[in-house]
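Have a look at final22.cif; it's mmCIF, C-alpha atoms:
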```
data_work
#
loop_
_atom_site.label_atom_id
_atom_site.label_comp_id
_atom_site.auth_asym_id
_atom_site.auth_seq_id
_atom_site.Cartn_x
_atom_site.Cartn_y
_atom_site.Cartn_z
CA MET A 482 182.57 194.80 167.17
CA SER A 483 180.07 192.21 168.30
CA GLU A 484 178.04 190.23 165.84
CA LYS A 485 174.73 191.67 167.08
CA LYS A 486 175.76 195.17 165.99
CA LEU A 487 176.37 194.23 162.38
CA ASP A 488 173.95 195.99 160.04
CA LEU A 489 173.66 193.96 156.86
CA LYS A 490 171.81 196.77 155.10
CA ASN A 491 174.20 199.63 155.83
CA ASP A 492 177.61 198.47 157.12
CA GLY A 493 180.53 198.52 154.71
CA LEU A 494 180.68 195.34 152.64
CA TRP A 495 184.39 194.77 153.28
CA LYS A 496 183.67 195.15 156.99
CA LEU A 497 180.90 192.57 156.77
CA LEU A 498 183.15 190.28 154.74
CA TRP A 499 185.77 190.35 157.48
CA HIS A 500 183.48 189.99 160.50
CA MET A 501 181.12 187.39 159.03
CA SER A 502 183.61 185.31 157.05
CA LEU A 503 186.00 184.47 159.88
CA PRO A 504 183.38 182.43 161.82
CA GLY A 505 182.37 180.74 158.56
CA ILE A 506 185.97 179.79 157.73
CA PHE A 507 186.54 178.52 161.24
CA GLY A 508 183.34 176.47 161.11
CA MET A 509 184.35 174.80 157.84
CA LEU A 510 187.81 174.01 159.20
CA VAL A 511 186.31 172.53 162.36
CA LEU A 512 184.04 170.25 160.31
CA SER A 513 187.01 169.13 158.18
CA ILE A 514 189.02 168.34 161.29
CA ASN A 515 186.08 166.41 162.72
CA THR A 516 185.93 164.07 159.71
CA PHE A 517 189.69 163.56 159.76
CA VAL A 518 189.82 162.84 163.50
CA ASP A 519 186.96 160.32 163.27
CA SER A 520 188.87 158.35 160.63
CA LEU A 521 192.08 158.65 162.64
CA TYR A 522 190.47 157.24 165.81
CA VAL A 523 188.82 154.34 163.99
CA GLY A 524 191.98 153.39 162.13
CA HIS A 525 194.19 153.70 165.20
CA PHE A 526 192.03 152.04 167.86
CA ILE A 527 190.15 149.44 165.80
CA GLY A 528 192.03 148.70 162.58
CA SER A 529 192.16 149.02 158.82
CA GLU A 530 189.01 146.94 158.22
CA ALA A 531 186.97 149.27 160.42
CA LEU A 532 188.46 152.31 158.68
CA ALA A 533 187.56 150.81 155.32
CA GLY A 534 183.99 150.20 156.50
CA VAL A 535 183.61 153.79 157.71
CA SER A 536 185.16 155.05 154.45
CA LEU A 537 182.51 153.17 152.46
CA TYR A 538 179.81 154.92 154.49
CA PHE A 539 181.06 158.43 153.70
CA PRO A 540 179.89 158.43 150.03
CA ILE A 541 176.48 157.19 151.21
CA SER A 542 176.34 160.05 153.72
CA ILE A 543 176.14 162.39 150.71
CA ILE A 544 172.47 161.33 150.54
CA THR A 545 171.91 162.82 154.01
CA THR A 546 173.89 165.92 153.11
CA SER A 547 172.00 166.40 149.84
CA LEU A 548 168.55 166.20 151.45
CA THR A 549 169.66 168.44 154.33
CA VAL A 550 170.99 171.24 152.10
CA LEU A 551 167.78 170.99 150.08
CA ILE A 552 165.93 172.41 153.10
CA CYS A 553 168.78 174.57 154.40
CA SER A 554 169.37 176.66 151.28
CA GLY A 555 165.68 177.02 150.44
CA GLY A 556 164.67 177.98 153.98
CA ALA A 557 167.61 180.36 154.40
CA SER A 558 166.83 182.18 151.15
CA ILE A 559 163.16 182.68 152.04
CA LEU A 560 163.98 183.81 155.59
CA SER A 561 166.61 186.37 154.55
CA ARG A 562 164.30 187.95 152.00
CA ALA A 563 161.40 187.95 154.49
CA ILE A 564 163.59 189.70 157.09
CA GLY A 565 164.66 192.31 154.55
CA ALA A 566 161.07 192.90 153.45
CA GLY A 567 159.72 192.88 157.02
CA ASN A 568 157.28 190.11 156.12
CA GLU A 569 156.35 188.75 159.55
CA ALA A 570 153.72 186.35 158.17
CA VAL A 571 156.37 184.42 156.26
CA GLN A 572 158.82 184.61 159.16
CA SER A 573 156.39 183.17 161.70
CA ASN A 574 155.30 180.28 159.46
CA LEU A 575 158.74 179.37 158.12
CA PHE A 576 160.23 178.01 161.35
CA SER A 577 157.54 175.33 161.80
CA THR A 578 157.56 174.43 158.10
CA VAL A 579 161.34 173.97 158.02
CA PHE A 580 161.28 171.94 161.25
CA THR A 581 158.54 169.66 159.93
CA LEU A 582 160.32 169.10 156.60
CA ALA A 583 163.53 168.24 158.44
CA MET A 584 161.68 165.78 160.67
CA LEU A 585 160.01 164.03 157.72
CA ILE A 586 163.28 163.67 155.82
CA SER A 587 165.08 162.40 158.92
CA ILE A 588 162.42 159.71 159.40
CA ILE A 589 162.97 158.51 155.82
CA LEU A 590 166.75 158.48 156.32
CA THR A 591 166.47 156.60 159.62
CA ILE A 592 164.24 153.87 158.19
CA THR A 593 166.44 153.55 155.10
CA GLY A 594 169.59 153.19 157.18
CA LEU A 595 168.10 150.67 159.59
CA VAL A 596 166.68 148.48 156.83
CA PHE A 597 169.22 148.79 154.01
CA SER A 598 172.54 149.47 155.76
CA LYS A 599 174.12 146.18 154.69
CA THR A 600 172.74 146.46 151.17
CA PHE A 601 174.21 149.92 150.59
CA ILE A 602 177.61 149.12 152.11
CA SER A 603 177.70 145.96 149.99
CA LEU A 604 176.93 147.97 146.85
CA MET A 605 179.88 150.22 147.70
CA GLY A 606 182.12 147.15 147.62
CA GLY A 607 182.08 146.06 151.27
CA THR A 608 182.54 142.38 152.08
CA GLY A 609 183.38 140.32 155.16
CA GLU A 610 184.53 142.33 158.18
CA VAL A 611 184.54 145.55 156.20
CA LEU A 612 180.84 145.04 155.39
CA GLN A 613 180.01 144.34 159.05
CA TYR A 614 181.89 147.40 160.31
CA GLY A 615 180.40 149.66 157.65
CA ALA A 616 176.83 148.44 158.14
CA THR A 617 177.05 148.79 161.93
CA TYR A 618 178.42 152.32 161.68
CA TYR A 619 175.80 153.29 159.08
CA LYS A 620 172.89 151.83 161.08
CA ILE A 621 173.80 153.70 164.27
CA CYS A 622 174.41 156.97 162.42
CA ALA A 623 170.98 156.55 160.82
CA THR A 624 169.35 156.49 164.26
CA GLY A 625 170.70 160.00 164.82
CA SER A 626 169.40 161.38 161.51
CA PHE A 627 166.76 163.50 163.25
CA PHE A 628 169.35 165.39 165.31
CA THR A 629 171.71 165.77 162.33
CA VAL A 630 169.18 166.98 159.75
CA THR A 631 167.14 169.18 162.09
CA GLY A 632 170.18 170.67 163.83
CA LEU A 633 171.87 171.61 160.55
CA THR A 634 168.62 172.99 159.14
CA LEU A 635 167.96 175.23 162.14
CA SER A 636 171.59 176.37 162.08
CA ALA A 637 171.08 177.47 158.46
CA LEU A 638 168.24 179.75 159.65
CA ILE A 639 170.58 181.28 162.22
CA ARG A 640 173.12 182.01 159.46
CA ALA A 641 170.30 183.42 157.34
CA GLU A 642 169.87 186.11 160.00
CA GLY A 643 173.53 186.97 159.55
CA LYS A 644 174.57 185.48 162.91
CA MET A 645 177.55 183.51 161.63
CA LYS A 646 179.37 183.52 164.95
CA GLN A 647 176.40 182.03 166.80
CA ALA A 648 176.08 179.20 164.27
CA MET A 649 179.83 178.57 164.33
CA THR A 650 179.83 178.33 168.14
CA TYR A 651 177.22 175.56 168.12
CA THR A 652 179.19 173.70 165.44
CA ALA A 653 182.41 173.96 167.46
CA VAL A 654 180.74 172.67 170.63
CA SER A 655 179.35 169.57 168.90
CA VAL A 656 182.63 168.82 167.11
CA VAL A 657 184.76 169.20 170.24
CA LEU A 658 182.34 166.93 172.11
CA ASN A 659 182.65 164.30 169.38
CA ILE A 660 186.45 164.54 169.41
CA ILE A 661 186.48 163.99 173.19
CA LEU A 662 183.88 161.23 173.31
CA ALA A 663 185.05 159.17 170.32
CA PRO A 664 188.29 157.78 171.84
CA LEU A 665 186.54 157.23 175.18
CA LEU A 666 183.67 155.22 173.69
CA ILE A 667 185.84 153.41 171.13
CA HIS A 668 188.82 152.49 173.30
CA VAL A 669 188.29 153.19 177.00
CA PHE A 670 184.76 151.75 177.20
CA SER A 671 185.46 149.19 174.42
CA PHE A 672 182.41 149.97 172.26
CA GLY A 673 184.54 149.80 169.12
CA ILE A 674 182.96 150.96 165.88
CA GLU A 675 179.63 151.46 167.66
CA GLY A 676 181.32 153.93 170.00
CA ALA A 677 182.53 156.01 167.05
CA ALA A 678 179.00 156.25 165.67
CA TRP A 679 177.42 157.00 169.05
CA ALA A 680 179.99 159.75 169.72
CA SER A 681 178.93 161.40 166.48
CA ASN A 682 175.24 161.02 167.36
CA ILE A 683 175.73 162.51 170.83
CA GLY A 684 177.59 165.47 169.34
CA MET A 685 174.75 166.11 166.89
CA CYS A 686 172.14 165.68 169.62
CA VAL A 687 173.80 168.45 171.63
CA TYR A 688 174.01 170.52 168.43
CA PHE A 689 170.26 170.04 167.92
CA LEU A 690 169.45 171.00 171.51
CA LEU A 691 171.56 174.15 171.29
CA THR A 692 169.83 175.31 168.11
CA VAL A 693 166.35 174.53 169.49
CA ARG A 694 167.16 176.40 172.70
CA TYR A 695 168.26 179.39 170.60
CA PHE A 696 164.88 179.53 168.86
CA THR A 697 162.77 178.90 171.95
CA SER A 698 164.58 181.45 174.14
CA GLY A 699 163.63 184.53 172.15
CA LYS A 700 167.08 185.14 170.62
CA PRO A 701 166.13 185.20 166.91
CA SER A 702 165.84 188.58 165.22
CA PHE A 703 162.67 187.46 163.41
CA LYS A 704 159.19 186.29 164.40
CA THR A 705 159.47 182.52 164.74
CA GLY A 706 155.90 181.90 165.77
CA LYS A 707 154.87 178.93 167.89
CA LEU A 708 156.56 175.66 166.93
CA THR A 709 153.97 173.28 165.48
CA LEU A 710 154.18 170.37 163.07
CA LYS A 711 152.74 171.84 159.89
CA LEU A 712 153.66 172.40 156.28
CA ASP A 713 152.71 175.72 154.71
CA LYS A 714 151.99 174.84 151.08
CA ASP A 715 153.53 177.93 149.47
CA LEU A 716 156.59 177.95 151.74
CA THR A 717 157.21 174.24 151.18
CA LYS A 718 157.04 174.73 147.43
CA GLY A 719 159.44 177.68 147.64
CA ILE A 720 161.91 175.82 149.89
CA LEU A 721 162.03 172.79 147.60
CA SER A 722 162.26 174.88 144.44
CA ILE A 723 165.17 177.01 145.65
CA GLY A 724 166.90 174.18 147.50
CA LEU A 725 166.82 171.87 144.48
CA SER A 726 170.00 173.42 143.08
CA SER A 727 171.91 172.69 146.30
CA PHE A 728 170.61 169.13 146.21
CA LEU A 729 171.80 168.78 142.62
CA LEU A 730 175.21 170.20 143.56
CA GLN A 731 175.68 167.56 146.24
CA ALA A 732 174.37 164.76 144.01
CA GLY A 733 176.60 166.09 141.24
CA ASN A 734 179.63 165.83 143.50
CA PHE A 735 178.91 162.15 144.01
CA ILE A 736 178.53 161.57 140.26
CA ARG A 737 181.63 163.68 139.60
CA GLN A 738 183.82 161.70 141.98
CA THR A 739 182.52 158.40 140.63
CA PHE A 740 183.30 159.32 137.01
CA ILE A 741 186.70 160.81 137.83
CA PHE A 742 188.01 157.90 139.88
CA LYS A 743 186.62 155.31 137.48
CA SER A 744 188.35 157.13 134.58
CA VAL A 745 191.66 157.21 136.42
CA ALA A 746 191.32 153.52 137.33
CA TYR A 747 190.36 152.54 133.76
CA TYR A 748 193.13 154.41 131.94
CA GLY A 749 195.79 154.19 134.64
CA THR A 750 197.27 151.99 137.34
CA ASP A 751 196.82 151.69 141.10
CA THR A 752 199.66 154.18 141.43
CA ASP A 753 197.74 156.68 139.28
CA VAL A 754 194.66 156.21 141.45
CA ALA A 755 196.67 156.79 144.63
CA TYR A 756 198.31 159.89 143.14
CA PHE A 757 195.03 161.38 141.95
CA GLY A 758 193.47 160.61 145.33
CA ALA A 759 196.22 162.64 147.01
CA VAL A 760 195.84 165.52 144.53
CA PHE A 761 192.07 165.51 144.96
CA ARG A 762 192.25 165.58 148.77
CA ILE A 763 194.75 168.45 148.71
CA PHE A 764 192.48 170.38 146.35
CA ILE A 765 189.40 169.84 148.54
CA ILE A 766 191.26 170.84 151.71
CA ALA A 767 192.61 173.96 149.97
CA VAL A 768 189.24 175.24 148.71
CA THR A 769 187.03 174.24 151.67
CA PRO A 770 187.69 177.39 153.77
CA VAL A 771 186.42 179.67 151.00
CA PHE A 772 182.96 178.15 151.39
CA GLY A 773 183.01 179.58 154.90
CA ILE A 774 183.49 183.01 153.33
CA LEU A 775 180.67 182.50 150.86
CA GLN A 776 178.25 181.33 153.58
CA ALA A 777 178.19 184.93 154.77
CA LEU A 778 177.17 186.16 151.32
CA GLN A 779 173.71 184.55 151.37
CA PRO A 780 172.12 186.57 154.23
CA ILE A 781 173.61 189.84 152.94
CA VAL A 782 172.17 189.32 149.44
CA GLY A 783 168.87 187.89 150.69
CA ILE A 784 168.13 190.59 153.27
CA ASN A 785 169.06 193.44 150.93
CA TYR A 786 167.08 191.91 148.08
CA GLY A 787 164.04 191.63 150.33
CA ALA A 788 164.52 195.28 151.33
CA GLY A 789 164.77 196.38 147.69
CA ASN A 790 168.46 197.34 147.94
CA TYR A 791 169.30 195.73 144.61
CA GLU A 792 172.49 197.64 143.93
CA ARG A 793 173.90 196.52 147.27
CA CYS A 794 173.11 192.90 146.31
CA THR A 795 175.30 193.08 143.22
CA GLN A 796 178.04 194.97 145.06
CA SER A 797 178.16 192.34 147.81
CA VAL A 798 178.64 189.54 145.26
CA THR A 799 181.54 191.46 143.69
CA VAL A 800 183.18 192.11 147.06
CA PHE A 801 182.87 188.50 148.17
CA ARG A 802 184.20 187.26 144.85
CA ILE A 803 187.27 189.44 145.23
CA GLY A 804 187.69 188.49 148.90
CA GLY A 805 187.30 184.78 148.20
CA GLY A 806 189.62 184.97 145.22
CA LEU A 807 192.34 186.74 147.21
CA PHE A 808 192.03 184.19 150.00
CA LEU A 809 192.44 181.31 147.56
CA PHE A 810 195.30 183.11 145.80
CA LEU A 811 197.30 183.09 149.04
CA ILE A 812 196.82 179.31 149.23
CA TRP A 813 197.30 178.79 145.48
CA VAL A 814 200.76 180.34 145.19
CA PRO A 815 202.61 177.97 147.56
CA LEU A 816 200.78 175.01 146.04
CA LEU A 817 202.13 175.94 142.61
CA LEU A 818 205.61 176.79 143.84
CA PHE A 819 206.19 173.79 146.10
CA PRO A 820 204.15 170.87 144.71
CA GLN A 821 206.78 168.24 145.54
CA GLY A 822 206.84 169.07 149.25
CA ILE A 823 203.05 169.37 149.55
CA LEU A 824 202.35 166.11 147.70
CA SER A 825 204.96 164.34 149.84
CA VAL A 826 202.80 164.98 152.90
CA MET A 827 200.12 162.75 151.38
CA LEU A 828 202.50 160.31 149.63
CA PRO A 829 205.71 160.24 151.67
CA GLY A 830 208.79 158.79 150.01
CA THR A 831 207.32 159.08 146.49
CA ILE A 832 209.39 160.55 143.65
CA PHE A 833 207.09 162.58 141.43
CA SER A 834 207.77 162.93 137.72
CA PRO A 835 207.60 166.26 135.87
CA VAL A 836 204.32 165.04 134.32
CA ASP A 837 202.89 164.37 137.79
CA LEU A 838 203.81 167.84 139.01
CA ASN A 839 202.47 169.41 135.82
CA ASN A 840 199.13 167.62 136.26
CA PHE A 841 198.97 168.88 139.84
CA ARG A 842 199.39 172.45 138.61
CA ILE A 843 196.85 171.95 135.82
CA ILE A 844 194.07 170.85 138.17
CA LEU A 845 194.79 173.91 140.37
CA ILE A 846 195.05 176.47 137.57
CA MET A 847 191.52 177.90 137.93
CA MET A 848 191.45 177.74 141.75
CA PRO A 849 191.54 181.52 142.51
CA LEU A 850 188.52 182.04 140.22
CA LEU A 851 186.32 179.36 141.78
CA PRO A 852 184.49 181.92 144.00
CA VAL A 853 183.05 183.42 140.80
CA ALA A 854 181.11 180.22 140.18
CA SER A 855 180.23 179.37 143.79
CA SER A 856 179.05 182.90 144.59
CA GLY A 857 176.87 182.82 141.48
CA ILE A 858 174.88 179.83 142.72
CA ILE A 859 174.55 181.41 146.17
CA PHE A 860 173.42 184.69 144.58
CA PHE A 861 170.66 183.07 142.51
CA GLN A 862 169.45 181.06 145.50
CA ALA A 863 169.47 184.13 147.75
CA ILE A 864 167.25 186.16 145.40
CA GLY A 865 164.84 183.24 144.95
CA LYS A 866 165.93 182.22 141.42
CA GLY A 867 165.82 178.53 142.21
CA LYS A 868 165.09 177.46 138.65
CA THR A 869 168.12 179.31 137.27
CA SER A 870 170.51 177.87 139.86
CA SER A 871 169.11 174.36 139.32
CA ILE A 872 169.54 174.58 135.54
CA LEU A 873 173.12 175.80 135.96
CA SER A 874 173.94 173.05 138.47
CA LEU A 875 172.41 170.23 136.45
CA GLY A 876 173.67 171.61 133.13
CA ARG A 877 177.22 171.71 134.45
CA GLU A 878 177.25 167.98 135.12
CA LEU A 879 175.31 166.77 132.08
CA VAL A 880 176.46 169.19 129.37
CA LEU A 881 180.00 170.02 130.53
CA PHE A 882 181.54 167.62 133.00
CA ILE A 883 180.45 164.16 131.81
CA PRO A 884 181.27 164.74 128.10
CA LEU A 885 184.67 166.30 128.92
CA ILE A 886 185.67 163.66 131.48
CA LEU A 887 184.80 160.95 128.94
CA LEU A 888 186.49 162.64 125.95
CA PHE A 889 189.82 163.87 127.32
CA PRO A 890 190.89 160.65 129.09
CA TYR A 891 190.00 158.80 125.87
CA LEU A 892 192.33 161.10 123.94
CA TYR A 893 195.13 161.61 126.47
CA GLY A 894 194.84 158.80 129.02
CA THR A 895 195.12 159.68 132.72
CA ASN A 896 196.55 163.11 131.82
CA GLY A 897 193.23 163.82 130.13
CA VAL A 898 191.44 163.61 133.49
CA TYR A 899 193.40 166.65 134.69
CA TYR A 900 192.90 168.49 131.37
CA GLY A 901 189.17 167.79 131.42
CA ILE A 902 188.68 169.05 134.98
CA ALA A 903 190.62 172.27 134.31
CA ILE A 904 188.78 173.03 131.06
CA GLU A 905 185.39 172.24 132.61
CA ASN A 906 186.11 174.63 135.49
CA ALA A 907 187.17 177.40 133.07
CA ILE A 908 184.04 177.06 130.93
CA TYR A 909 181.70 176.85 133.92
CA ILE A 910 183.25 179.92 135.58
CA SER A 911 182.81 181.88 132.33
CA ILE A 912 179.18 180.81 131.97
CA MET A 913 178.41 181.69 135.58
CA LEU A 914 180.02 185.10 135.16
CA LEU A 915 177.84 185.84 132.12
CA PHE A 916 174.66 184.70 133.86
CA THR A 917 175.33 186.80 136.95
CA LEU A 918 176.25 189.88 134.91
CA TYR A 919 172.97 189.52 133.02
CA GLU A 920 171.06 189.31 136.32
CA PHE A 921 173.04 192.28 137.69
CA ASN A 922 171.87 194.39 134.74
CA LYS A 923 168.26 193.35 135.36
CA LEU A 924 168.55 194.36 139.02
CA LYS A 925 170.17 197.65 138.01
CA SER A 926 167.23 198.44 135.73
CA LYS A 927 164.80 197.42 138.47
CA SER A 928 166.59 199.71 140.95
CA GLN A 929 166.48 202.64 138.51
CA THR A 930 162.77 202.08 137.96
CA LEU A 931 162.09 202.23 141.69
CA THR A 932 164.03 205.49 142.11
CA THR A 933 162.28 207.29 139.26
#
```

Let's see the structure in the file written out as C-alpha cells.
Amino acid sequence: MSEKKLDLKNDGLWKLLWHMSLPGIFGMLVLSINTFVDSLYVGHFIGSEALAGVSLYFPISIITTSLTVLICSGGASILSRAIGAGNEAVQSNLFSTVFTLAMLISIILTITGLVFSKTFISLMGGTGEVLQYGATYYKICATGSFFTVTGLTLSALIRAEGKMKQAMTYTAVSVVLNIILAPLLIHVFSFGIEGAAWASNIGMCVYFLLTVRYFTSGKPSFKTGKLTLKLDKDLTKGILSIGLSSFLLQAGNFIRQTFIFKSVAYYGTDTDVAYFGAVFRIFIIAVTPVFGILQALQPIVGINYGAGNYERCTQSVTVFRIGGGLFLFLIWVPLLLFPQGILSVMLPGTIFSPVDLNNFRIILIMMPLLPVASSGIIFFQAIGKGKTSSILSLGRELVLFIPLILLFPYLYGTNGVYYGIAIENAIYISIMLLFTLYEFNKLKSKSQTLTT
C-alpha cells in the first residue's frame, strides 16, 4: 500500500503503525549511522586530535538541535490540527511563518558560530590542536545553519501531513551524499577537517533543496500559500508555546549528560567513566529506533484532534505505546541475557564484574516502558497543550533528575548513578501515565458531549 493512500482518520491504527513507523525507524537509524561514519572518517583519515575536536563540537550542536525542534514540533502540531479541521487560513499562513522563523534562527546560529567558535570549543575543554580542529569544524558547520535548520523544519511539516516515507527519503539522500563526499573531501582532495564539515553542509544543502522543491511543486496535501518572509503573530506565538517543551527536552538532555558524567567522574575512576560511557552509548543506540515509531504518532493524533475524533486520538496513543514497548522488549531481552558479550563490543578485552553487569541491567530495567513517557509528550504537543508538556519536561529535570542524581551517588557512590537513573525513569513514566489518563478522560467527556 502506498503512503499516499493512507487515511489517518479511518485506517486501522495497527496498520498505520506498521506503514508509518518503518520509514521513521529507518530514518532514525540512517541519522545514527551518519554521525558514526563522520567520526570514523575523521579519526581514520586525520587523527585522534581531529576526532577529539569534532567530539567537542557535538555537545554544542545540541543548541542547533534545540532551536530547530522548537520550530519543528510547534509547526507540526499546528499544521496537523489545521489539516484535520480543514482550516485553510492557518495552513496557507503557516508555511511562510515557519520558513521565516527557521531563517531568523539560522542567522543567529551562523553569526554565533563564526564569531564564538573558538570560545565555545575552549569552554568544552579544547586546547592546542584539538581547539583548532574543533573551532574550524564548528565554524564551517555554522555557515550551513540555514540549510540545516530550514531543511529539518520543512521536513517536519511533511511528517505532519503523515508522509513519513517522503521525509525519510530526503533524509536518506542527504546522509548517503555525506557518506560518499566525506572521505573524498577529507582524504582524496586533502581538505582535512574542513572537508568533513563541507561534506555535511553539502548534504544538508541538498536536503534543503529537496524539501523546498516538494513544497513548491504542488505535492503537499494542504494549502501552503505563496512563500513570503512574514511572521503571523498568532501562529508564531503558538509555534513557540508548543515547541518550548521540545526545546526543554533537548536542553535537558545536555544538562542530564553533564550531571551524570560529572557524578561518575567525581565518585569513580577513569575506568568507571569509560564503562558508563559504553553503557550510555549502548542504551542510546538501543532506544533511538523507537523515536522513529513515535514520530508517526504526532500527525495521527494532531489530524484526528483537529477533526474532532477525540476517541481515536487516545486509541492511537495506546496502540503506539504498545507497539513501541513491544519493539523495545525485543531489544531489551538480549541486552539483559547477554550483557558481557554486548559490552565487550564497546570495551573489548575487558573483564566485567558482577556489579558492573548488575548496573548495566539496572539502567535498562525500565526500557520497555519508555514509550509511555515519550508518547505522552508527543500527545500533549499534538493536541496543542504546550504548557502541560513544557511543565512536565522542565519538572522532570528540576524536581526529579537533579535531586536524585545528586542524592544517590552521594549515598552509594558510582552505583548510585545507575540507581538514580532507573528510579527517575520509573517515577517519570508513572507521572506521565497519570497525566495522559487524566487528559484521556477529558477528551472522552468532550467526545460524549459532541455526540449528545

Translate the PyMOL selection byres ((chain A and resi 907) around 10), as applied to the file shown, into an explicit residue set as a PyMOL selection string. chain A and resi 846-848+850-851+854+901-906+908-912

Report, in Å with one decimal, the straight-line distance from atom CA of Asn785 of chain A to atom CA of Phe808 of chain A. 24.8 Å

Nearest to Arg762 of chain A: which of A:Gln738, A:Ser681, A:Gln613, A:Ser598 is it, counting only C-alpha atoms? A:Gln738

Shell around Leu712 of chain A at 9 Å using all atoms listed in the file, local window under 5 positions removed, as an MDAnalysis selection string: chainID A and resid 574:575 577:579 581:582 717

Output of the PyMOL selection byres ((chain A and resi 915-928) around 12), listed as a VMD selection string: chain A and resid 785 to 786 788 to 799 802 853 to 862 864 866 869 to 870 872 to 873 908 to 914 929 to 933

Using only C-alpha atoms, collect all residues at a distance of at most 12 Å from (171.5, 185.7, 161.1) as written in the file, then present them as an MDAnalysis selection string. chainID A and resid 484:489 501 557:558 560:562 564:565 635:649 695:696 700:703 776:781 783:784

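Counting from atom CA of Ala678 of chain A, the distance to atom CA of Tyr619 of chain A is 7.9 Å.
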
Incomplete segment 708-714 of chain A filled out to all heavy atoms as a PDB file, keeping the file's coordinate frame:
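Result file is rebuild-v8.pdb:
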```
ATOM      1  N   LEU A 708     156.121 176.868 167.638  1.00  0.00           N
ATOM      2  CA  LEU A 708     156.560 175.660 166.930  1.00  0.00           C
ATOM      3  C   LEU A 708     155.436 174.630 166.899  1.00  0.00           C
ATOM      4  O   LEU A 708     154.987 174.128 167.925  1.00  0.00           O
ATOM      5  CB  LEU A 708     157.796 175.058 167.606  1.00  0.00           C
ATOM      6  CG  LEU A 708     158.311 173.741 167.007  1.00  0.00           C
ATOM      7  CD1 LEU A 708     158.672 173.918 165.546  1.00  0.00           C
ATOM      8  CD2 LEU A 708     159.512 173.224 167.794  1.00  0.00           C
ATOM      9  N   THR A 709     154.981 174.309 165.686  1.00  0.00           N
ATOM     10  CA  THR A 709     153.970 173.280 165.480  1.00  0.00           C
ATOM     11  C   THR A 709     154.396 172.441 164.276  1.00  0.00           C
ATOM     12  O   THR A 709     155.185 172.886 163.442  1.00  0.00           O
ATOM     13  CB  THR A 709     152.586 173.891 165.200  1.00  0.00           C
ATOM     14  OG1 THR A 709     152.679 174.771 164.064  1.00  0.00           O
ATOM     15  CG2 THR A 709     152.081 174.669 166.394  1.00  0.00           C
ATOM     16  N   LEU A 710     153.873 171.230 164.206  1.00  0.00           N
ATOM     17  CA  LEU A 710     154.180 170.370 163.070  1.00  0.00           C
ATOM     18  C   LEU A 710     153.174 170.656 161.956  1.00  0.00           C
ATOM     19  O   LEU A 710     152.048 170.167 161.962  1.00  0.00           O
ATOM     20  CB  LEU A 710     154.113 168.898 163.490  1.00  0.00           C
ATOM     21  CG  LEU A 710     155.162 168.457 164.530  1.00  0.00           C
ATOM     22  CD1 LEU A 710     154.980 166.985 164.863  1.00  0.00           C
ATOM     23  CD2 LEU A 710     156.566 168.735 164.042  1.00  0.00           C
ATOM     24  N   LYS A 711     153.614 171.475 161.011  1.00  0.00           N
ATOM     25  CA  LYS A 711     152.740 171.840 159.890  1.00  0.00           C
ATOM     26  C   LYS A 711     153.593 172.178 158.683  1.00  0.00           C
ATOM     27  O   LYS A 711     154.779 172.524 158.797  1.00  0.00           O
ATOM     28  CB  LYS A 711     151.864 173.035 160.261  1.00  0.00           C
ATOM     29  CG  LYS A 711     152.649 174.333 160.463  1.00  0.00           C
ATOM     30  CD  LYS A 711     151.720 175.503 160.705  1.00  0.00           C
ATOM     31  CE  LYS A 711     152.511 176.813 160.845  1.00  0.00           C
ATOM     32  NZ  LYS A 711     151.624 177.976 161.056  1.00  0.00           N
ATOM     33  N   LEU A 712     152.984 172.060 157.515  1.00  0.00           N
ATOM     34  CA  LEU A 712     153.660 172.400 156.280  1.00  0.00           C
ATOM     35  C   LEU A 712     152.841 173.450 155.536  1.00  0.00           C
ATOM     36  O   LEU A 712     151.757 173.152 155.026  1.00  0.00           O
ATOM     37  CB  LEU A 712     153.839 171.163 155.386  1.00  0.00           C
ATOM     38  CG  LEU A 712     154.832 170.088 155.863  1.00  0.00           C
ATOM     39  CD1 LEU A 712     154.783 168.892 154.928  1.00  0.00           C
ATOM     40  CD2 LEU A 712     156.230 170.657 155.925  1.00  0.00           C
ATOM     41  N   ASP A 713     153.355 174.675 155.515  1.00  0.00           N
ATOM     42  CA  ASP A 713     152.710 175.720 154.710  1.00  0.00           C
ATOM     43  C   ASP A 713     152.960 175.388 153.241  1.00  0.00           C
ATOM     44  O   ASP A 713     154.106 175.221 152.800  1.00  0.00           O
ATOM     45  CB  ASP A 713     153.316 177.081 155.074  1.00  0.00           C
ATOM     46  CG  ASP A 713     152.663 178.204 154.306  1.00  0.00           C
ATOM     47  OD1 ASP A 713     152.981 178.370 153.114  1.00  0.00           O
ATOM     48  OD2 ASP A 713     151.844 178.941 154.887  1.00  0.00           O
ATOM     49  N   LYS A 714     151.897 175.287 152.463  1.00  0.00           N
ATOM     50  CA  LYS A 714     151.990 174.840 151.080  1.00  0.00           C
ATOM     51  C   LYS A 714     152.922 175.717 150.240  1.00  0.00           C
ATOM     52  O   LYS A 714     153.819 175.219 149.541  1.00  0.00           O
ATOM     53  CB  LYS A 714     150.596 174.799 150.448  1.00  0.00           C
ATOM     54  CG  LYS A 714     150.589 174.286 149.011  1.00  0.00           C
ATOM     55  CD  LYS A 714     149.176 174.252 148.453  1.00  0.00           C
ATOM     56  CE  LYS A 714     149.185 173.777 146.997  1.00  0.00           C
ATOM     57  NZ  LYS A 714     147.798 173.751 146.431  1.00  0.00           N
TER      58      LYS A 714
END
```
